[in-house]
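File shown here: my_file09.cif, holding mmCIF, C-alpha atoms.
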```
data_protein
#
loop_
_atom_site.label_atom_id
_atom_site.label_comp_id
_atom_site.auth_asym_id
_atom_site.auth_seq_id
_atom_site.Cartn_x
_atom_site.Cartn_y
_atom_site.Cartn_z
CA CYS P 20 21.07 26.88 16.97
CA MET P 21 20.66 23.14 16.61
CA ILE P 22 19.61 20.63 19.23
CA LEU P 23 20.42 17.00 18.73
CA LEU P 24 18.96 14.34 20.98
CA CYS P 25 20.64 10.96 20.92
CA PRO P 26 19.35 7.88 22.74
CA PRO P 27 21.81 5.82 24.74
CA ALA P 28 23.78 3.37 22.60
CA GLN P 29 22.19 0.38 24.30
CA LEU P 30 18.91 0.22 26.23
CA ASN P 31 17.91 -2.47 28.64
CA ALA P 32 15.39 -4.75 26.85
CA ASP P 33 13.14 -4.70 29.94
CA TYR P 34 12.32 -1.04 29.23
CA MET P 35 11.52 -1.51 25.57
CA LEU P 36 7.81 -1.84 24.82
CA GLU P 37 6.77 -2.92 21.35
CA SER P 38 3.80 -0.92 20.14
CA PRO P 39 1.38 -2.13 17.45
CA PHE P 40 1.19 1.48 16.21
CA THR P 41 3.53 3.33 13.87
CA PHE P 42 2.99 7.05 13.31
CA ILE P 43 4.03 8.75 10.08
CA PHE P 44 4.57 12.45 9.43
CA MET P 45 5.84 13.86 6.14
CA HIS P 46 6.15 17.35 4.69
CA ARG P 47 7.37 18.03 1.17
CA PHE P 48 8.19 21.50 -0.13
CA ARG P 49 8.87 22.11 -3.81
CA LEU P 50 9.46 25.31 -5.80
CA VAL P 51 8.22 25.17 -9.40
CA SER P 52 9.08 27.84 -11.97
CA TRP P 53 8.75 28.18 -15.73
CA ASP P 54 8.59 30.96 -18.33
CA ASN P 55 6.87 31.14 -21.72
CA THR P 56 5.90 27.48 -21.82
CA LEU P 57 2.18 27.92 -22.45
CA LYS P 58 2.35 30.10 -25.58
CA LEU P 59 6.02 29.60 -26.53
CA ASP P 60 6.24 33.32 -27.25
CA ASP P 61 9.09 35.43 -25.87
CA GLN P 62 6.97 38.57 -26.35
CA THR P 63 4.29 37.28 -23.97
CA PHE P 64 4.93 37.19 -20.26
CA ASP P 65 3.48 33.93 -18.97
CA SER P 66 5.70 33.26 -15.99
CA ASN P 67 4.54 30.74 -13.42
CA ASN P 68 6.24 30.46 -10.04
CA PHE P 69 4.72 28.66 -7.12
CA THR P 70 5.50 26.52 -4.12
CA ARG P 71 3.92 23.11 -3.90
CA GLN P 72 3.57 21.86 -0.35
CA LYS P 73 2.25 18.50 0.83
CA THR P 74 1.82 17.44 4.43
CA SER P 75 0.72 13.95 5.50
CA PHE P 76 0.01 12.26 8.81
CA GLY P 77 -0.67 8.55 9.04
CA VAL P 78 -1.14 5.73 11.53
CA LEU P 79 -0.30 2.09 10.86
CA TRP P 80 -1.86 -0.42 13.26
CA LYS P 81 -0.56 -4.00 13.29
CA PRO P 82 -2.62 -5.95 15.82
CA GLY P 83 -0.97 -9.20 14.68
CA ASP P 84 1.73 -10.56 12.41
CA ASN P 85 -0.60 -10.99 9.44
CA VAL P 86 -3.04 -8.05 9.77
CA GLU P 87 -2.55 -4.31 9.34
CA VAL P 88 -4.78 -1.27 9.05
CA PHE P 89 -3.39 1.98 7.65
CA GLY P 90 -4.89 5.45 7.44
CA LYS P 91 -3.25 8.61 6.14
CA LEU P 92 -4.59 12.16 5.81
CA SER P 93 -2.86 14.57 3.44
CA ASN P 94 -3.03 18.17 2.32
CA GLU P 95 -1.38 19.64 -0.76
CA PHE P 96 -1.64 23.24 -1.83
CA ARG P 97 0.18 25.67 -4.07
CA LEU P 98 1.14 29.19 -3.14
CA TYR P 99 1.55 31.26 -6.33
CA LEU P 100 4.31 33.87 -6.51
CA SER P 101 3.39 34.69 -10.12
CA PRO P 102 0.97 35.27 -11.63
CA LYS P 103 -0.19 37.26 -8.61
CA GLY P 104 -3.62 36.52 -7.23
CA LYS P 105 -4.02 33.04 -8.71
CA LYS P 106 -6.06 30.87 -6.36
CA THR P 107 -5.41 27.28 -5.37
CA SER P 108 -7.61 24.89 -3.48
CA ASN P 109 -6.71 23.82 0.01
CA GLU P 110 -8.19 20.60 1.36
CA ILE P 111 -7.52 17.66 3.64
CA PHE P 112 -8.26 14.25 2.12
CA PHE P 113 -7.85 10.56 2.86
CA ASP P 114 -4.68 9.60 1.01
CA ASN P 115 -4.82 5.98 2.24
CA LEU P 116 -7.30 3.95 4.26
CA TYR P 117 -6.97 0.19 3.90
CA PHE P 118 -7.05 -3.21 5.56
CA ARG P 119 -4.34 -5.78 4.66
CA TRP P 120 -4.29 -9.50 5.48
CA LYS P 121 -1.31 -11.77 4.78
CA GLN P 122 -1.65 -15.53 4.64
CA GLU P 123 1.60 -17.51 4.56
CA ASN P 124 0.35 -21.13 4.71
CA SER P 125 -0.24 -23.47 1.73
CA LEU P 126 -0.74 -20.76 -0.94
CA PRO P 127 0.76 -17.51 0.34
CA PHE P 128 -1.21 -14.40 -0.53
CA THR P 129 -1.81 -10.83 0.56
CA LEU P 130 -5.26 -9.26 0.34
CA THR P 131 -5.56 -5.46 0.53
CA ILE P 132 -8.95 -3.74 0.57
CA GLY P 133 -9.46 0.03 0.49
CA ARG P 134 -7.66 3.18 -0.60
CA GLN P 135 -4.07 2.19 -1.30
CA ASP P 136 -1.03 3.20 -3.31
CA MET P 137 -0.11 0.73 -6.03
CA ASN P 138 3.19 0.82 -7.83
CA LEU P 139 3.53 -2.38 -9.82
CA GLY P 140 6.93 -3.16 -11.28
CA GLU P 141 8.73 0.02 -12.23
CA GLY P 142 5.51 2.03 -12.23
CA PHE P 143 5.34 2.32 -16.01
CA ILE P 144 1.91 0.69 -16.37
CA ILE P 145 0.39 0.92 -12.87
CA MET P 146 1.40 3.74 -10.54
CA ASP P 147 -0.91 6.74 -10.26
CA GLY P 148 -4.62 6.07 -9.84
CA ASN P 149 -5.82 9.63 -10.31
CA PRO P 150 -5.51 11.60 -13.52
CA LEU P 151 -4.75 15.32 -13.47
CA ASP P 152 -3.73 15.62 -9.84
CA GLY P 153 0.03 15.47 -10.18
CA SER P 154 1.76 14.66 -6.94
CA ARG P 155 -1.31 15.28 -4.75
CA SER P 156 -1.89 11.55 -4.34
CA MET P 157 -1.29 8.16 -5.94
CA TYR P 158 -4.13 6.13 -4.46
CA PHE P 159 -6.44 3.58 -5.98
CA ASN P 160 -9.77 2.64 -4.40
CA ALA P 161 -9.18 -1.04 -4.90
CA VAL P 162 -9.32 -4.65 -3.88
CA ARG P 163 -5.92 -6.22 -4.54
CA LEU P 164 -4.86 -9.86 -4.25
CA ASP P 165 -1.18 -10.78 -4.50
CA LEU P 166 -0.63 -14.54 -4.92
CA ILE P 167 2.84 -16.03 -4.41
CA PRO P 168 2.73 -19.58 -5.86
CA TRP P 169 6.52 -20.05 -5.96
CA GLU P 170 9.52 -18.25 -4.57
CA ASN P 171 10.34 -15.11 -6.62
CA HIS P 172 7.06 -15.40 -8.57
CA SER P 173 3.83 -13.52 -7.94
CA PHE P 174 0.51 -12.77 -9.57
CA THR P 175 -1.43 -9.61 -8.82
CA LEU P 176 -5.16 -9.33 -9.40
CA TYR P 177 -6.99 -6.13 -8.61
CA PHE P 178 -10.21 -4.25 -9.18
CA ALA P 179 -10.08 -0.45 -8.91
CA TYR P 180 -12.82 2.14 -8.80
CA ASN P 181 -11.60 5.70 -9.22
CA PRO P 182 -14.36 8.13 -10.18
CA ARG P 183 -13.53 11.45 -11.80
CA THR P 184 -14.52 13.25 -8.60
CA ASP P 185 -13.75 11.56 -5.30
CA ASN P 186 -17.08 10.61 -3.73
CA LEU P 187 -16.11 7.62 -1.57
CA LEU P 188 -14.45 9.33 1.39
CA PRO P 189 -15.02 12.84 2.72
CA VAL P 190 -12.81 15.73 1.67
CA ILE P 191 -12.46 18.61 4.11
CA LYS P 192 -12.44 21.84 2.11
CA LEU P 193 -10.44 24.62 3.70
CA ARG P 194 -10.49 28.18 2.44
CA ASP P 195 -8.95 28.85 -0.97
CA ILE P 196 -5.50 30.35 -0.84
CA ASP P 197 -4.94 33.53 -2.83
CA ASP P 198 -2.40 36.32 -2.92
CA GLN P 199 -3.24 38.93 -0.28
CA SER P 200 -0.83 41.60 -1.54
#
```
Using structure tokens, write down the structure that the file contains.
Amino acid sequence: CMILLCPPAQLNADYMLESPFTFIFMHRFRLVSWDNTLKLDDQTFDSNNFTRQKTSFGVLWKPGDNVEVFGKLSNEFRLYLSPKGKKTSNEIFFDNLYFRWKQENSLPFTLTIGRQDMNLGEGFIIMDGNPLDGSRSMYFNAVRLDLIPWENHSFTLYFAYNPRTDNLLPVIKLRDIDDQS
């Protein structure tokens, strides 16, 4: 059964209200599986099969044309199919929480302060601010200044602080997930 709701092709502009808020919801489901990759020995059974699930909810607030505030909470956990009984942590964390100000007058710039994703260029040099967490998050705790002196030219200056263990924003620990069979 599938239900499809379609808005009318054209709405009267008098009924349209522009909101300064944008809400974001995302869920990603991935199945990961590999055999004999840890010891490279066909005689040893070291199969790993698990689902990797990430859910995020965010709110973007744009009170004006040149200011925005964004916050996003995320949760990523793994559910192991094999080896049986392997535990994984389950937590809710601040994936993003930043303030951004754009100035478009004499020297255009954008200033972003807080927890933010940064993917500079193709992401080869600057992309993932956290080692060893895979696809859990990509944030940097940073102050970033993007200067645009000429059309199609920009300079990016940033300072990032990413400690080994996140101690800047609270992390809500949920119960560990383990195999109940």
Excluding same-chain residues fewer than 6 positions from P:Gly140, what lies within 12 Å of it counting only C-alpha atoms, as a JSON list (two decimals) with C-alpha atoms, in the coordinates of the input?
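Output file result_16.json follows:
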```
[["chain", "number", "residue", "atom", "x", "y", "z"],
["P", 146, "MET", "CA", 1.40, 3.74, -10.54],
["P", 173, "SER", "CA", 3.83, -13.52, -7.94],
["P", 174, "PHE", "CA", 0.51, -12.77, -9.57],
["P", 175, "THR", "CA", -1.43, -9.61, -8.82]]
```
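Closest approach to P:Phe159 among P:Phe96, P:Phe113, P:Trp120, P:Phe69: P:Phe113, based on all atoms listed in the file.
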Margin query: I need the residue nearest P:Tyr117 from this list: P:Leu79, P:Ile43, P:Ile191, P:Leu100. Use only C-alpha atoms for the distance.
Written below: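 Result for the nearest residue to P:Tyr117: P:Leu79.
Going from atom CA of P:Asn124 over to atom CA of P:Asp165, you cover 13.9 Å.
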Checklist line | Given the PyMOL selection byres ((chain P and resi 45) around 10), the residues it picks as a PyMOL selection string | finding: chain P and resi 43-44+46-47+73-77+93
Any chance you could export the current selection's C-alpha atoms as a PDB file, in the coordinates of the input?
```pdb
ATOM      1  CA  ILE P  43       4.030   8.750  10.080  1.00  0.00           C
ATOM      2  CA  PHE P  44       4.570  12.450   9.430  1.00  0.00           C
ATOM      3  CA  HIS P  46       6.150  17.350   4.690  1.00  0.00           C
ATOM      4  CA  ARG P  47       7.370  18.030   1.170  1.00  0.00           C
ATOM      5  CA  LYS P  73       2.250  18.500   0.830  1.00  0.00           C
ATOM      6  CA  THR P  74       1.820  17.440   4.430  1.00  0.00           C
ATOM      7  CA  SER P  75       0.720  13.950   5.500  1.00  0.00           C
ATOM      8  CA  PHE P  76       0.010  12.260   8.810  1.00  0.00           C
ATOM      9  CA  GLY P  77      -0.670   8.550   9.040  1.00  0.00           C
ATOM     10  CA  SER P  93      -2.860  14.570   3.440  1.00  0.00           C
TER      11      SER P  93
END
```
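The interatomic distance for the pair atom CA of P:Phe178 and atom CA of P:Gly133 works out to 10.6 Å.
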Within 10 Å of (-14.0, 6.9, -4.4), in the coordinates the file gives, what residues turn up when you count only C-alpha atoms, written out as a PDB file with C-alpha atoms, keeping the file's coordinate frame?
```
ATOM      1  CA  GLY P 133      -9.460   0.030   0.490  1.00  0.00           C
ATOM      2  CA  ARG P 134      -7.660   3.180  -0.600  1.00  0.00           C
ATOM      3  CA  TYR P 158      -4.130   6.130  -4.460  1.00  0.00           C
ATOM      4  CA  PHE P 159      -6.440   3.580  -5.980  1.00  0.00           C
ATOM      5  CA  ASN P 160      -9.770   2.640  -4.400  1.00  0.00           C
ATOM      6  CA  ALA P 161      -9.180  -1.040  -4.900  1.00  0.00           C
ATOM      7  CA  ALA P 179     -10.080  -0.450  -8.910  1.00  0.00           C
ATOM      8  CA  TYR P 180     -12.820   2.140  -8.800  1.00  0.00           C
ATOM      9  CA  ASN P 181     -11.600   5.700  -9.220  1.00  0.00           C
ATOM     10  CA  PRO P 182     -14.360   8.130 -10.180  1.00  0.00           C
ATOM     11  CA  ARG P 183     -13.530  11.450 -11.800  1.00  0.00           C
ATOM     12  CA  THR P 184     -14.520  13.250  -8.600  1.00  0.00           C
ATOM     13  CA  ASP P 185     -13.750  11.560  -5.300  1.00  0.00           C
ATOM     14  CA  ASN P 186     -17.080  10.610  -3.730  1.00  0.00           C
ATOM     15  CA  LEU P 187     -16.110   7.620  -1.570  1.00  0.00           C
ATOM     16  CA  LEU P 188     -14.450   9.330   1.390  1.00  0.00           C
ATOM     17  CA  PRO P 189     -15.020  12.840   2.720  1.00  0.00           C
TER      18      PRO P 189
END
```
Next item on the list: List every protein, DNA or RNA residue that has an atom no more than 9 Å from (3.3, 15.4, -5.8) in the file's coordinate frame, counting all atoms listed in the file, and report them as an MDAnalysis selection string.
Entry: chainID P and resid 47 49 71:73 95 152:157
Item checked: d(atom CA of P:Trp53, atom CA of P:Glu110) in Å ->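 These atoms are spaced 25.2 Å apart.
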Would you fill the gaps in stretch 106-117 of chain P so it has all heavy atoms, then print it as an mmCIF file, keeping the file's coordinate frame?
```cif
data_model
loop_
_atom_site.group_PDB
_atom_site.id
_atom_site.type_symbol
_atom_site.label_atom_id
_atom_site.label_comp_id
_atom_site.auth_asym_id
_atom_site.auth_seq_id
_atom_site.Cartn_x
_atom_site.Cartn_y
_atom_site.Cartn_z
ATOM 1 N N LYS P 106 -5.577 31.649 -7.499
ATOM 2 C CA LYS P 106 -6.060 30.870 -6.360
ATOM 3 C C LYS P 106 -5.715 29.401 -6.520
ATOM 4 O O LYS P 106 -5.583 28.896 -7.622
ATOM 5 C CB LYS P 106 -7.562 31.029 -6.210
ATOM 6 C CG LYS P 106 -7.979 32.414 -5.788
ATOM 7 C CD LYS P 106 -9.463 32.468 -5.545
ATOM 8 C CE LYS P 106 -9.839 33.859 -5.071
ATOM 9 N NZ LYS P 106 -11.264 33.935 -4.739
ATOM 10 N N THR P 107 -5.612 28.719 -5.391
ATOM 11 C CA THR P 107 -5.410 27.280 -5.370
ATOM 12 C C THR P 107 -6.285 26.695 -4.272
ATOM 13 O O THR P 107 -6.548 27.346 -3.274
ATOM 14 C CB THR P 107 -3.934 26.906 -5.156
ATOM 15 O OG1 THR P 107 -3.798 25.494 -5.208
ATOM 16 C CG2 THR P 107 -3.396 27.437 -3.859
ATOM 17 N N SER P 108 -6.761 25.499 -4.493
ATOM 18 C CA SER P 108 -7.610 24.890 -3.480
ATOM 19 C C SER P 108 -6.759 24.356 -2.331
ATOM 20 O O SER P 108 -5.585 24.043 -2.494
ATOM 21 C CB SER P 108 -8.447 23.765 -4.088
ATOM 22 O OG SER P 108 -7.603 22.747 -4.561
ATOM 23 N N ASN P 109 -7.374 24.286 -1.190
ATOM 24 C CA ASN P 109 -6.710 23.820 0.010
ATOM 25 C C ASN P 109 -7.679 22.864 0.696
ATOM 26 O O ASN P 109 -8.774 23.264 1.063
ATOM 27 C CB ASN P 109 -6.366 25.011 0.907
ATOM 28 C CG ASN P 109 -5.453 24.633 2.047
ATOM 29 O OD1 ASN P 109 -4.899 23.540 2.084
ATOM 30 N ND2 ASN P 109 -5.292 25.534 2.984
ATOM 31 N N GLU P 110 -7.287 21.606 0.830
ATOM 32 C CA GLU P 110 -8.190 20.600 1.360
ATOM 33 C C GLU P 110 -7.408 19.520 2.083
ATOM 34 O O GLU P 110 -6.221 19.336 1.848
ATOM 35 C CB GLU P 110 -8.996 19.970 0.224
ATOM 36 C CG GLU P 110 -8.117 19.284 -0.805
ATOM 37 C CD GLU P 110 -8.861 18.821 -2.037
ATOM 38 O OE1 GLU P 110 -10.015 19.214 -2.222
ATOM 39 O OE2 GLU P 110 -8.261 18.072 -2.817
ATOM 40 N N ILE P 111 -8.076 18.830 2.964
ATOM 41 C CA ILE P 111 -7.520 17.660 3.640
ATOM 42 C C ILE P 111 -8.300 16.458 3.125
ATOM 43 O O ILE P 111 -9.529 16.487 3.072
ATOM 44 C CB ILE P 111 -7.639 17.786 5.163
ATOM 45 C CG1 ILE P 111 -6.825 18.987 5.664
ATOM 46 C CG2 ILE P 111 -7.164 16.499 5.845
ATOM 47 C CD1 ILE P 111 -7.027 19.303 7.126
ATOM 48 N N PHE P 112 -7.598 15.413 2.721
ATOM 49 C CA PHE P 112 -8.260 14.250 2.120
ATOM 50 C C PHE P 112 -7.620 12.961 2.633
ATOM 51 O O PHE P 112 -6.496 12.961 3.135
ATOM 52 C CB PHE P 112 -8.189 14.312 0.591
ATOM 53 C CG PHE P 112 -6.794 14.306 0.056
ATOM 54 C CD1 PHE P 112 -6.196 13.126 -0.354
ATOM 55 C CD2 PHE P 112 -6.065 15.483 -0.060
ATOM 56 C CE1 PHE P 112 -4.896 13.113 -0.848
ATOM 57 C CE2 PHE P 112 -4.777 15.484 -0.551
ATOM 58 C CZ PHE P 112 -4.193 14.302 -0.944
ATOM 59 N N PHE P 113 -8.368 11.873 2.504
ATOM 60 C CA PHE P 113 -7.850 10.560 2.860
ATOM 61 C C PHE P 113 -6.945 10.090 1.728
ATOM 62 O O PHE P 113 -7.408 9.779 0.637
ATOM 63 C CB PHE P 113 -8.990 9.552 3.060
ATOM 64 C CG PHE P 113 -9.675 9.683 4.377
ATOM 65 C CD1 PHE P 113 -10.792 10.485 4.512
ATOM 66 C CD2 PHE P 113 -9.199 9.005 5.494
ATOM 67 C CE1 PHE P 113 -11.433 10.606 5.725
ATOM 68 C CE2 PHE P 113 -9.830 9.120 6.714
ATOM 69 C CZ PHE P 113 -10.952 9.926 6.837
ATOM 70 N N ASP P 114 -5.658 10.045 1.996
ATOM 71 C CA ASP P 114 -4.680 9.600 1.010
ATOM 72 C C ASP P 114 -4.617 8.071 0.983
ATOM 73 O O ASP P 114 -4.393 7.477 -0.064
ATOM 74 C CB ASP P 114 -3.320 10.193 1.351
ATOM 75 C CG ASP P 114 -2.418 10.345 0.156
ATOM 76 O OD1 ASP P 114 -2.760 9.858 -0.935
ATOM 77 O OD2 ASP P 114 -1.349 10.960 0.308
ATOM 78 N N ASN P 115 -4.765 7.441 2.124
ATOM 79 C CA ASN P 115 -4.820 5.980 2.240
ATOM 80 C C ASN P 115 -5.768 5.620 3.375
ATOM 81 O O ASN P 115 -5.848 6.327 4.375
ATOM 82 C CB ASN P 115 -3.449 5.371 2.567
ATOM 83 C CG ASN P 115 -2.475 5.406 1.426
ATOM 84 O OD1 ASN P 115 -1.341 5.811 1.590
ATOM 85 N ND2 ASN P 115 -2.887 4.968 0.255
ATOM 86 N N LEU P 116 -6.461 4.519 3.204
ATOM 87 C CA LEU P 116 -7.300 3.950 4.260
ATOM 88 C C LEU P 116 -7.599 2.514 3.836
ATOM 89 O O LEU P 116 -8.466 2.275 3.008
ATOM 90 C CB LEU P 116 -8.591 4.740 4.447
ATOM 91 C CG LEU P 116 -9.467 4.302 5.618
ATOM 92 C CD1 LEU P 116 -8.718 4.426 6.947
ATOM 93 C CD2 LEU P 116 -10.746 5.110 5.648
ATOM 94 N N TYR P 117 -6.798 1.569 4.361
ATOM 95 C CA TYR P 117 -6.970 0.190 3.900
ATOM 96 C C TYR P 117 -6.762 -0.824 5.022
ATOM 97 O O TYR P 117 -6.204 -0.527 6.072
ATOM 98 C CB TYR P 117 -6.025 -0.132 2.736
ATOM 99 C CG TYR P 117 -4.549 -0.097 3.063
ATOM 100 C CD1 TYR P 117 -3.927 -1.148 3.728
ATOM 101 C CD2 TYR P 117 -3.754 0.970 2.667
ATOM 102 C CE1 TYR P 117 -2.578 -1.128 4.011
ATOM 103 C CE2 TYR P 117 -2.404 0.997 2.942
ATOM 104 C CZ TYR P 117 -1.819 -0.054 3.615
ATOM 105 O OH TYR P 117 -0.481 -0.035 3.895
#
```
